Each structure stands twice: as C-alpha cells, then as structure tokens.
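Student: I am sharing target-v7.csv, which consists of CSV, C-alpha atoms:
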chain,number,residue,atom,x,y,z
I,79,MET,CA,-54.6,90.9,13.3
I,80,SER,CA,-57.1,90.3,10.5
I,81,THR,CA,-55.9,90.1,7.0
I,82,ILE,CA,-57.4,90.6,3.5
I,83,ILE,CA,-57.2,87.8,0.9
I,84,TYR,CA,-57.8,88.9,-2.6
I,85,SER,CA,-58.6,86.6,-5.6
I,86,LYS,CA,-59.5,87.4,-9.1
I,87,SER,CA,-62.2,85.0,-10.1
I,88,SER,CA,-63.2,86.4,-13.5
I,89,GLY,CA,-61.9,85.5,-16.9
I,90,VAL,CA,-61.1,88.2,-19.5
I,91,HIS,CA,-61.6,91.8,-18.3
I,92,ASP,CA,-62.3,94.7,-20.6
I,93,ALA,CA,-60.3,97.9,-20.5
I,94,ALA,CA,-62.6,99.7,-18.1
I,95,ILE,CA,-62.4,97.0,-15.5
I,96,GLY,CA,-58.7,96.8,-15.8
I,97,LYS,CA,-58.4,100.5,-14.9
I,98,LEU,CA,-60.3,99.9,-11.6
I,99,GLU,CA,-59.3,96.5,-10.5
I,100,THR,CA,-55.9,97.2,-9.0
I,101,PRO,CA,-56.7,100.6,-7.5
I,102,ILE,CA,-59.7,99.2,-5.7
I,103,LYS,CA,-57.7,96.2,-4.4
I,104,MET,CA,-55.1,98.7,-3.1
I,105,VAL,CA,-57.8,100.8,-1.4
I,106,ILE,CA,-59.3,97.7,0.3
I,107,GLU,CA,-55.9,96.6,1.6
I,108,HIS,CA,-54.9,100.1,2.7
I,109,GLU,CA,-58.1,100.5,4.6
I,110,SER,CA,-57.5,97.1,6.2
I,111,ASP,CA,-54.1,98.1,7.5
I,112,LEU,CA,-55.3,101.4,8.9
I,113,LEU,CA,-58.4,99.9,10.7
I,114,THR,CA,-56.3,97.0,12.1
I,115,LYS,CA,-54.0,99.5,13.8
I,116,LYS,CA,-56.8,101.6,15.3
I,117,GLY,CA,-58.2,98.8,17.4
I,118,GLY,CA,-61.7,98.8,18.9
I,119,ILE,CA,-64.0,96.8,21.2
I,120,ARG,CA,-62.8,93.5,19.9
I,121,ASP,CA,-59.1,94.4,20.6
I,122,TRP,CA,-59.7,96.2,23.9
I,123,LEU,CA,-62.0,93.7,25.6
I,124,PHE,CA,-61.5,90.3,23.8
I,125,ASN,CA,-58.8,87.7,23.3
I,126,VAL,CA,-58.3,87.5,19.6
I,127,GLU,CA,-57.1,84.1,18.4
I,128,LYS,CA,-56.7,82.3,15.0
I,129,SER,CA,-58.5,79.1,14.4
I,130,ASN,CA,-58.2,76.4,11.7
I,131,ARG,CA,-61.2,74.2,12.8
I,132,PHE,CA,-64.9,74.2,12.5
I,133,GLY,CA,-65.1,75.6,16.0
I,134,GLU,CA,-63.1,75.8,19.2
I,135,THR,CA,-63.7,73.7,22.4
I,136,ILE,CA,-62.8,75.3,25.7
I,137,ILE,CA,-62.1,72.7,28.4
I,138,GLY,CA,-61.9,73.6,32.1
I,139,GLU,CA,-60.1,71.5,34.7
I,140,SER,CA,-59.6,71.6,38.4
I,141,GLU,CA,-56.1,72.6,39.5
I,142,PHE,CA,-53.4,70.9,41.5
I,143,GLY,CA,-53.6,71.5,45.3
I,144,VAL,CA,-50.7,72.8,47.4
I,145,PHE,CA,-47.6,70.7,47.8
I,146,ASN,CA,-47.7,68.4,50.9
I,147,ALA,CA,-44.8,67.9,53.3
I,148,ALA,CA,-43.0,64.6,53.0
I,149,ALA,CA,-40.6,62.8,55.3
I,150,GLU,CA,-37.0,62.4,54.2
I,151,GLY,CA,-36.8,59.7,51.5
I,152,ALA,CA,-40.6,59.3,51.2
I,153,ALA,CA,-42.4,59.4,47.9
I,154,ALA,CA,-44.6,62.3,46.8
I,155,GLU,CA,-48.3,62.0,47.1
I,156,THR,CA,-50.0,61.6,43.8
I,157,ASP,CA,-52.3,64.4,42.8
I,158,SER,CA,-54.7,64.7,39.8
I,159,THR,CA,-57.1,67.0,38.0
I,160,GLU,CA,-60.5,66.4,36.5
I,161,GLU,CA,-62.5,68.1,33.7
I,162,THR,CA,-65.1,70.4,35.2
I,163,TYR,CA,-66.7,72.0,32.1
I,164,ARG,CA,-66.6,72.1,28.3
I,165,LYS,CA,-67.6,75.0,26.1
I,166,PHE,CA,-67.9,74.9,22.3
I,167,ILE,CA,-67.7,78.1,20.2
I,168,GLU,CA,-68.8,77.6,16.6
I,169,HIS,CA,-67.6,79.9,13.8
I,170,ILE,CA,-70.2,81.8,11.8
I,171,GLN,CA,-70.0,82.7,8.1
I,172,PHE,CA,-70.6,86.4,7.2
I,173,MET,CA,-70.8,87.7,3.6
I,174,LYS,CA,-71.3,91.0,1.7
I,175,GLU,CA,-71.2,92.2,-1.9
I,176,PHE,CA,-71.0,95.5,-3.6
I,177,VAL,CA,-71.4,96.4,-7.3
I,178,ILE,CA,-69.8,99.0,-9.5
I,179,THR,CA,-72.0,99.6,-12.5
I,180,ALA,CA,-70.7,99.3,-16.1
I,181,GLU,CA,-71.4,103.0,-16.6
I,182,MET,CA,-69.3,104.0,-13.7
I,183,MET,CA,-66.4,101.8,-14.9
I,184,GLU,CA,-66.7,103.4,-18.4
I,185,ASP,CA,-66.6,106.9,-17.0
I,186,ALA,CA,-63.6,106.4,-14.6
I,187,ASN,CA,-61.1,107.9,-17.0
I,188,TYR,CA,-58.4,108.6,-14.4
I,189,GLY,CA,-57.9,106.2,-11.6
I,190,VAL,CA,-60.8,105.2,-9.4
I,191,ALA,CA,-64.1,107.2,-9.5
I,192,ALA,CA,-64.8,108.9,-6.2
I,193,ASP,CA,-68.0,106.9,-5.6
I,194,ALA,CA,-66.2,103.6,-6.4
I,195,ARG,CA,-63.4,104.5,-4.0
I,196,ARG,CA,-65.9,105.3,-1.2
I,197,ARG,CA,-67.6,101.9,-1.7
I,198,ALA,CA,-64.3,100.1,-1.5
I,199,GLU,CA,-63.3,101.9,1.7
I,200,ASN,CA,-66.7,101.3,3.3
I,201,PHE,CA,-66.6,97.6,2.3
I,202,THR,CA,-63.5,97.1,4.5
I,203,ARG,CA,-64.9,99.2,7.3
I,204,ALA,CA,-68.0,97.1,7.3
I,205,TYR,CA,-65.9,94.0,7.9
I,206,TYR,CA,-64.2,95.4,10.9
I,207,LYS,CA,-67.4,97.1,12.1
I,208,THR,CA,-69.0,93.7,12.1
I,209,GLN,CA,-66.3,92.2,14.3
I,210,HIS,CA,-66.4,95.0,16.8
I,211,LYS,CA,-70.2,95.2,16.9
I,212,ILE,CA,-70.6,91.4,17.4
I,213,CYS,CA,-68.2,91.6,20.4
I,214,GLU,CA,-70.1,94.6,21.8
I,215,TYR,CA,-73.4,92.8,21.3
I,216,ALA,CA,-72.3,89.7,23.1
I,217,LEU,CA,-71.2,91.6,26.2
I,218,ALA,CA,-74.2,94.0,26.2
I,219,ASN,CA,-76.6,91.0,26.1
I,220,GLY,CA,-74.7,88.9,28.5
I,221,THR,CA,-77.8,88.5,30.8
I,222,GLU,CA,-79.4,86.3,28.1
I,223,SER,CA,-78.5,82.8,27.1
I,224,GLU,CA,-78.6,83.6,23.3
I,225,GLY,CA,-79.1,86.5,21.0
I,226,SER,CA,-79.4,87.4,17.3
I,227,PHE,CA,-76.9,89.5,15.5
I,228,ALA,CA,-76.9,90.2,11.8
I,229,LYS,CA,-79.2,87.1,11.3
I,230,ALA,CA,-76.8,84.9,13.2
I,231,THR,CA,-77.8,83.2,16.5
I,232,LEU,CA,-75.1,83.6,19.2
I,233,ASP,CA,-74.5,81.5,22.2
I,234,LEU,CA,-74.1,83.9,25.1
I,235,THR,CA,-73.7,81.4,27.9
I,236,ALA,CA,-70.7,80.7,30.1
I,237,PRO,CA,-69.3,77.1,30.2
I,238,ASP,CA,-71.7,76.2,33.0
I,239,GLY,CA,-74.7,76.8,30.7
I,240,LEU,CA,-75.9,79.9,32.4
I,241,PRO,CA,-75.8,83.4,30.8
I,242,LEU,CA,-72.4,85.2,31.1
I,243,PHE,CA,-73.9,87.3,33.9
I,244,ALA,CA,-75.9,85.2,36.4
I,245,SER,CA,-76.3,85.0,40.2
I,246,ALA,CA,-75.8,81.2,40.5
I,247,HIS,CA,-72.7,80.3,38.5
I,248,LYS,CA,-71.2,77.0,39.3
I,249,TRP,CA,-67.6,76.3,40.2
I,250,GLY,CA,-66.0,72.8,40.2
I,251,SER,CA,-67.6,69.5,39.7
I,252,GLY,CA,-70.4,69.3,42.3
I,253,GLY,CA,-69.0,72.5,44.0
I,254,GLY,CA,-70.8,75.6,45.0
I,255,THR,CA,-72.2,78.7,43.3
I,256,GLN,CA,-71.1,82.3,43.0
I,257,SER,CA,-72.6,85.5,41.4
I,258,ASN,CA,-71.2,87.9,38.9
I,259,TYR,CA,-74.5,89.8,38.4
I,260,PHE,CA,-75.5,92.5,41.0
I,261,TYR,CA,-77.7,95.4,41.7
I,262,GLY,CA,-77.2,98.4,44.0
I,263,ASP,CA,-76.8,102.1,44.4
I,264,ILE,CA,-73.8,102.7,42.2
I,265,PHE,CA,-74.5,106.1,40.5
I,266,GLY,CA,-76.5,107.9,43.2
I,267,SER,CA,-73.4,110.1,43.9
I,268,SER,CA,-69.7,110.1,43.3
I,269,SER,CA,-69.1,108.7,46.8
I,270,ALA,CA,-71.7,105.9,46.2
I,271,PHE,CA,-69.9,105.0,42.9
I,272,GLU,CA,-66.5,105.0,44.6
I,273,SER,CA,-67.8,102.7,47.4
I,274,ALA,CA,-69.6,100.4,44.8
I,275,LEU,CA,-66.4,100.1,42.8
I,276,SER,CA,-64.5,99.0,45.9
I,277,GLU,CA,-67.1,96.4,46.8
I,278,LEU,CA,-67.4,95.1,43.2
I,279,SER,CA,-63.6,94.8,43.0
I,280,VAL,CA,-63.5,92.7,46.1
I,281,LYS,CA,-66.2,90.4,44.7
I,282,LEU,CA,-64.3,89.9,41.5
I,283,ARG,CA,-61.0,89.3,43.5
I,284,ASN,CA,-62.8,86.7,45.6
I,285,MET,CA,-64.0,84.7,42.6
I,286,LYS,CA,-63.3,81.0,43.2
I,287,ASP,CA,-61.5,78.7,40.7
I,288,GLU,CA,-62.6,75.1,40.0
I,289,ASN,CA,-61.1,73.9,43.2
I,290,GLY,CA,-62.9,76.5,45.3
I,291,GLU,CA,-59.7,78.5,45.8
I,292,ILE,CA,-59.9,82.3,45.6
I,293,LEU,CA,-58.4,83.6,42.3
I,294,GLY,CA,-57.3,87.0,43.5
I,295,TYR,CA,-57.4,88.9,40.3
I,296,THR,CA,-57.5,92.8,40.4
I,297,ALA,CA,-60.2,94.6,38.4
I,298,ASP,CA,-58.8,97.3,36.1
I,299,THR,CA,-61.3,97.8,33.3
I,300,LEU,CA,-64.6,99.7,33.6
I,301,ILE,CA,-67.2,99.3,30.9
I,302,LEU,CA,-70.1,101.8,30.5
I,303,PRO,CA,-73.2,102.1,28.2
I,304,GLY,CA,-73.1,104.7,25.5
I,305,ASN,CA,-76.3,106.6,26.5
I,306,ARG,CA,-75.8,107.4,30.2
I,307,PRO,CA,-73.9,110.7,30.3
I,308,ALA,CA,-74.5,111.4,34.0
I,309,ALA,CA,-73.1,108.0,35.0
I,310,GLU,CA,-70.2,108.5,32.6
I,311,ILE,CA,-69.4,111.8,34.1
I,312,ILE,CA,-69.4,110.4,37.7
I,313,ALA,CA,-67.2,107.4,36.6
I,314,LYS,CA,-64.6,109.6,34.9
I,315,LYS,CA,-64.5,112.0,37.8
I,316,VAL,CA,-64.0,109.3,40.4
I,317,CYS,CA,-61.4,107.4,38.3
I,318,GLY,CA,-59.5,110.6,37.3
I,319,THR,CA,-59.4,112.7,40.5
I,320,GLU,CA,-56.6,112.3,43.0
I,321,GLY,CA,-58.7,113.4,46.0
I,322,ALA,CA,-62.0,111.8,47.1
I,323,LEU,CA,-64.9,113.7,45.6
I,324,GLY,CA,-67.7,115.3,47.7
I,325,ASN,CA,-65.9,116.1,50.9
I,326,GLY,CA,-63.5,118.7,52.3
I,327,TYR,CA,-61.2,116.5,54.2
I,328,ASN,CA,-58.6,116.0,51.5
I,329,ASP,CA,-59.1,112.2,51.6
I,330,ILE,CA,-57.2,109.9,49.2
I,331,ASN,CA,-59.2,108.6,46.3
I,332,LEU,CA,-58.4,104.9,46.3
I,333,GLN,CA,-59.8,104.5,42.7
I,334,TYR,CA,-57.5,107.1,41.1
I,335,GLY,CA,-55.3,105.6,38.4
I,336,ASN,CA,-56.7,102.1,38.8
I,337,TRP,CA,-59.1,101.9,35.9
I,338,ASN,CA,-59.2,101.9,32.1
I,339,ILE,CA,-62.7,103.2,31.0
I,340,VAL,CA,-64.3,101.8,27.9
I,341,VAL,CA,-67.6,103.2,26.6
I,342,MET,CA,-69.5,100.9,24.3
I,343,PRO,CA,-71.6,103.1,22.0
I,344,ASP,CA,-74.1,100.4,21.0
I,345,TRP,CA,-74.8,99.4,24.6
I,346,GLN,CA,-78.0,101.4,25.0
I,347,THR,CA,-79.7,100.9,28.4
I,348,GLU,CA,-82.8,102.2,30.2
I,349,ASP,CA,-81.0,102.3,33.5
I,350,ASP,CA,-77.5,102.9,34.8
I,351,ARG,CA,-75.2,99.9,34.5
I,352,VAL,CA,-71.5,99.2,34.7
I,353,MET,CA,-69.3,96.2,34.0
I,354,ILE,CA,-65.9,95.7,35.7
I,355,MET,CA,-63.3,93.4,34.4
I,356,SER,CA,-59.8,92.2,35.1
I,357,SER,CA,-57.8,92.3,31.9
I,358,GLU,CA,-55.3,89.8,33.5
I,359,ALA,CA,-58.1,87.3,34.3
I,360,ASN,CA,-59.6,87.8,30.9
I,361,LYS,CA,-56.3,86.8,29.3
I,362,ASN,CA,-55.3,84.0,31.7
I,363,LEU,CA,-58.7,82.4,32.1
I,364,GLY,CA,-59.8,82.8,28.4
I,365,GLY,CA,-62.8,85.1,29.3
I,366,ASN,CA,-64.0,87.0,26.2
I,367,LEU,CA,-63.0,85.0,23.1
I,368,PHE,CA,-62.9,86.0,19.5
I,369,PHE,CA,-61.7,83.4,17.0
I,370,ASN,CA,-60.7,84.3,13.4
I,371,ARG,CA,-61.4,81.3,11.2
I,372,VAL,CA,-61.4,82.8,7.7
I,373,PRO,CA,-60.2,86.4,7.3
I,374,LEU,CA,-62.0,88.7,4.8
I,375,THR,CA,-61.6,87.0,1.4
I,376,VAL,CA,-62.5,89.2,-1.5
I,377,ALA,CA,-63.3,88.0,-5.0
I,378,ASN,CA,-64.5,89.9,-8.1
I,379,TRP,CA,-66.1,89.1,-11.4
I,380,VAL,CA,-68.2,90.6,-14.2
I,381,ASP,CA,-71.9,89.9,-14.4
I,382,HIS,CA,-72.3,89.2,-18.1
I,383,HIS,CA,-76.0,89.9,-18.0
I,384,THR,CA,-75.5,93.5,-16.9
I,385,GLY,CA,-71.8,94.3,-17.4
I,386,ASN,CA,-71.6,95.3,-13.8
I,387,TYR,CA,-68.4,94.6,-11.8
I,388,ILE,CA,-69.2,92.7,-8.6
I,389,TRP,CA,-67.1,92.4,-5.4
I,390,ASN,CA,-67.8,89.7,-2.9
I,391,GLY,CA,-66.4,89.5,0.6
I,392,ARG,CA,-66.6,86.4,2.8
I,393,CYS,CA,-65.3,85.7,6.3
I,394,ARG,CA,-65.8,83.3,9.3
I,395,PHE,CA,-65.3,83.9,13.0
I,396,GLY,CA,-66.7,82.9,16.3
I,397,VAL,CA,-67.4,84.8,19.5
I,398,GLY,CA,-68.1,83.4,23.0
I,399,PHE,CA,-67.0,83.2,26.7
I,400,GLY,CA,-64.6,80.7,28.1
I,401,THR,CA,-65.4,81.7,31.7
I,402,TYR,CA,-67.5,84.1,33.7
I,403,LYS,CA,-64.8,84.7,36.5
I,404,HIS,CA,-63.2,87.7,34.8
I,405,ILE,CA,-66.1,90.1,34.7
I,406,LEU,CA,-69.0,91.4,36.7
I,407,LEU,CA,-72.2,93.4,35.9
I,408,CYS,CA,-74.0,95.7,38.3
I,409,VAL,CA,-77.3,97.4,37.6
I,410,GLY,CA,-77.9,100.8,39.4
I,411,GLY,CA,-80.8,101.3,41.7
I,412,THR,CA,-82.2,100.1,45.0
I,413,SER,CA,-85.0,98.0,43.5
I,414,ALA,CA,-84.4,94.3,43.1
I,415,VAL,CA,-83.4,93.1,39.6
I,416,GLU,CA,-84.6,89.7,38.5
I,417,GLY,CA,-81.7,87.3,38.5
I,418,ALA,CA,-79.3,89.6,40.2
I,419,THR,CA,-77.7,89.6,43.7
I,420,ALA,CA,-78.0,92.6,46.0
I,421,LEU,CA,-74.7,94.4,46.3
Would you mind writing the file's structure down as structure tokens?
Tutor:
Amino acid sequence: MSTIIYSKSSGVHDAAIGKLETPIKMVIEHESDLLTKKGGIRDWLFNVEKSNRFGETIIGESEFGVFNAAAEGAAAETDSTEETYRKFIEHIQFMKEFVITAEMMEDANYGVAADARRRAENFTRAYYKTQHKICEYALANGTESEGSFAKATLDLTAPDGLPLFASAHKWGSGGGTQSNYFYGDIFGSSSAFESALSELSVKLRNMKDENGEILGYTADTLILPGNRPAAEIIAKKVCGTEGALGNGYNDINLQYGNWNIVVMPDWQTEDDRVMIMSSEANKNLGGNLFFNRVPLTVANWVDHHTGNYIWNGRCRFGVGFGTYKHILLCVGGTSAVEGATAL
C-alpha cells in the first residue's frame, strides 16, 4: 500500500492560506485512501514491495536436486547451489507540482474553492496513475530491451539480459534456451483461441527452472490489449461459456472458469496479441516487480514573489522483471514475427 507523507515547509502563513492548508491536505489523504483500495494494473499484475535502498538486486540460484538413497548408517551426499543470474532494478525519482494562486486563496471564503479541490484530488490521482501506467508500459513493451516512460529510461530485460519476451531465454549456468514469445492463429475463431490457450498453457507449465527441471505452474491470467474488441469478445466468450463454442455436440469447454481477464487500456496494438500469466509463478518466482522506495511526499510553501501557494509532490519507485518464466506473449496471425517462435 502506498502512503502520503505531508510536510509544511513554509514559515508564517497568512489567513487565506490557513483556510486552505488543512482541507487540501485532507483531500489529498482521502483520495489516497480511496485509490489505494481500488487497485489497478500495478496491484493486479505486479508484486508490490517496499524498499529502503538505492535499488534492488534479484539473484537467481540453481536448486537442490532430489534426495538420494543412502545405506543404513551412511552419510548424506553433499549438494550445493550456484548463482545463475543477477538483476538490478534501480529506483527512479518522479516529481510534480501544482499552484493555487493568491487570488483563489483570497476568494475561498468557505472551505476549499471548487477548483482548488479538483486540483488536489487530481494531484493524488496522478501519483497512482503514474504507478499503474509505468507497470502497464513495462509489460506492453516487453519485446524491447528498454523503453522511455515520462522522461525516464526503463530497463525491460529479464535477468538473462534479453527482453522480457524473447525466443531464446537462457536457463541455468551454461544450460539451454526456451521461448516465451510466440506467434500463431489465436483469434481466427473461438475454437482457434480455445486451442491456442491450451497450447500456450502447456508451454508455460513446461518452463524449466535453473536446474532444467519443469516448473509445472498453471496459467490463470489472460492479458489483452485495450483496442482489439473482436479479440476481447472471443476471449470473454471462450473463458465464460461452459460449453465449447462453435459446435453442436455439447462438448465441455476446458477453459471455462480457469482465467482472470485483464484488459490494459494503454496497450494499443496493430495486431491481435495476448499474454498469459501464472499468478502463482509471478509471486513465487518474483516475476513482475514494483518496488516502493519513497511514497508520495507532499510539501507546500508560499512563493513570495507572486503570493501563490505551491504544492510539490515527490516519490521514488522501481519497476522490473525478476524472471521471464511466469508469462508468455503470443501474436496473432500465420505470418512469421521477428524474434518469435511458431506456436
């Protein structure tokens, strides 16, 4: 949960400022409480953690193998693990200000002027909107190694140095490769989508850990772009209908009740795409990561040159990916897509 830190950094306030100071502070804090409870892309798709460092380092290790049989009275065989990857997520500083003019403060005879209240509410919304949008941007641009969001450069790579979605991800130290980026006929029809979901789910389930062992996670989250209504309709019908669509044989729909559907509004694509994710793998493996370093810290003061009342907000947080094994991306169509594996 994000919090709001409020500090009064000005000296002596005049009467007009005194009338607005506490009400606006209360509006900002109230909006913070409401928006925290509503959730969003950050809360639905990312692991939200606190941080008290410059950045966070994610370290991957191979796992212990199975227990070996031992004769009566014999000592156990020694096993060990080794570091296989290291990923650093740096926190980024974001800031914003808004101004209430001297004239507005003077004319606010009763409580907070309507315009001043709207500015205070929007200020807090902008803070949460920034967090949700940066998470959405990171996923939507996961085929790239880096991206630019609100003048910040984001590292969009997985711990192996490849983009989050790539066809030759590495596992283990000197091990093999595996893909989480595919293309194929996924939205040609409801039956094609149902079949593609089954195939993609198996591919995610068969993802290998750092020892080359199959992880076995079950996909349960389906993520769609915000501008593909036909694909969205097919996905919702397939995931929400008990019987298999498109036939008269009363077949069982194996996808029914297995999926949570998340539509990312800012993910605007020129073709049909879908991500599938295991929420359990996302949590256990540290997949999509959001680190809160400094919550929204609000300070206010009077500009003695203009008499205007200035509110300043500052925060720091980091976004990144601790693994690629929790999520897959598939592009719709039969034509080959550069960097993707045929489904």
Student: What is the distance, in Å and to one decimal place, between atom CA of Asn284 of chain I and atom CA of Glu134 of chain I?
Tutor: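 Separation between atom CA of Asn284 of chain I and atom CA of Glu134 of chain I: 28.6 Å.
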Student: I'd like the neighbourhood of Gly364 of chain I as a list in words, where a residue qualifies if any of its atoms comes within 12 Å (using all atoms listed in the file), though same-chain residues fewer than 5 positions away should be ignored.
Tutor: Leu123, Phe124, Asn125, Val126, Glu127, Thr135, Ile136, Ile137, Gly138, Lys165, Ala236, Pro237, Ser356, Ser357, Glu358, Ala359, Phe369, Val397, Gly398, Phe399, Gly400, Thr401, Tyr402, Lys403, His404 and Ile405 of chain I
Student: Check the smallest atom-to-atom distance from each of I:Lys116, I:Arg394, I:Lys315, I:His247 to Ala418 of chain I using only C-alpha atoms, then report the winner.
Tutor: I:His247
Student: Just the number, please: distance in Å from atom CA of Leu302 of chain I to atom CA of Asn200 of chain I, one decimal.
Tutor: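 We find that atom CA of Leu302 of chain I and atom CA of Asn200 of chain I lie 27.4 Å from each other.
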Student: Which residue is closest to His383 of chain I? Choose from I:Ser226, I:Asn258, I:Asn219, I:Thr179 and count all atoms listed in the file.
Tutor: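 Looking only at the distances to His383 of chain I, the closest residue turns out to be I:Thr179.
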Student: Find the residues near Gly391 of chain I: any atom within 10 Å, counting all atoms listed in the file, skip ones fewer than 3 places away on the same chain, and give them as a list in words.
Tutor: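 That gives Ile82, Ile83, Tyr84, Phe172, Met173, Lys174, Glu175, Phe176, Phe201, Thr202, Tyr205, Pro373, Leu374, Thr375, Val376, Ala377 and Asn378 of chain I.
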Student: Could you state the separation of atom CA of Ser279 of chain I and atom CA of Gln209 of chain I in Å, given to one decimal place?
Tutor: 28.9 Å
Student: Between I:Leu406, I:Ala218, I:Val352, I:Ile106, which one has atoms that come closest to Arg283 of chain I, using all atoms listed in the file?
Tutor: I:Leu406
Student: Determine the nearest neighbour of Glu348 of chain I from the options I:Pro303, I:Val316, I:Gly151, I:Asn362, counting all atoms listed in the file.
Tutor: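 Comparing I:Pro303, I:Val316, I:Gly151, I:Asn362 against Glu348 of chain I, the winner is I:Pro303.
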Student: Using all atoms listed in the file, determine which residues lie at most 9 Å from Gly396 of chain I, disregarding the query and same-chain residues fewer than 5 positions distant; provide the list as a list in words.
Tutor: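 Neighbouring residues, sequence-local ones excluded: Gly133, Glu134, Ile167, Glu168, His169, Ile170, Gln171, Leu232, Leu367, Phe368, Phe369, Asn370 and Arg371 of chain I.
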Student: Restrict the selected residues to C-alpha atoms and save them as a short mmCIF file (atom, residue, chain, number, x, y, z; two decimals), in the coordinates of the input.
Tutor:
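After the write, selection_10.cif holds the following:
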data_model
loop_
_atom_site.label_atom_id
_atom_site.label_comp_id
_atom_site.auth_asym_id
_atom_site.auth_seq_id
_atom_site.Cartn_x
_atom_site.Cartn_y
_atom_site.Cartn_z
CA GLY I 133 -65.10 75.60 16.00
CA GLU I 134 -63.10 75.80 19.20
CA ILE I 167 -67.70 78.10 20.20
CA GLU I 168 -68.80 77.60 16.60
CA HIS I 169 -67.60 79.90 13.80
CA ILE I 170 -70.20 81.80 11.80
CA GLN I 171 -70.00 82.70 8.10
CA LEU I 232 -75.10 83.60 19.20
CA LEU I 367 -63.00 85.00 23.10
CA PHE I 368 -62.90 86.00 19.50
CA PHE I 369 -61.70 83.40 17.00
CA ASN I 370 -60.70 84.30 13.40
CA ARG I 371 -61.40 81.30 11.20
#
Student: With all atoms listed in the file as the counted atoms, please give the residues lying no more than 9 Å from Val280 of chain I, apart from itself and same-chain residues fewer than 3 positions off, as an MDAnalysis selection string.
Tutor: chainID I and resid 275:277 283:285 294 296:297
Student: Between I:Ala148, I:Val409, I:Ala228, I:Leu293, which residue has the minimum interatomic distance to Trp249 of chain I, considering only C-alpha atoms?
Tutor: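 When distances to Trp249 of chain I are compared using only C-alpha atoms, the smallest one comes from I:Leu293.
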Student: Closest to Gly318 of chain I among I:Tyr261, I:Trp337, I:Trp122, I:Tyr387, using all atoms listed in the file?
Tutor: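 Checking each candidate against Gly318 of chain I, we get I:Trp337 as the closest.
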Student: Can you pull out the residues contacting Ser273 of chain I? Cut-off 12 Å, using only C-alpha atoms, and skip same-chain residues under 2 positions away; I want them as a list of chain:residue names.
Tutor: I:Gly262, I:Asp263, I:Ile264, I:Phe265, I:Gly266, I:Ser267, I:Ser268, I:Ser269, I:Ala270, I:Phe271, I:Leu275, I:Ser276, I:Glu277, I:Leu278, I:Ser279, I:Val280, I:Ala313, I:Val316, I:Ala322, I:Leu323, I:Asn331, I:Leu332, I:Gln333, I:Leu421
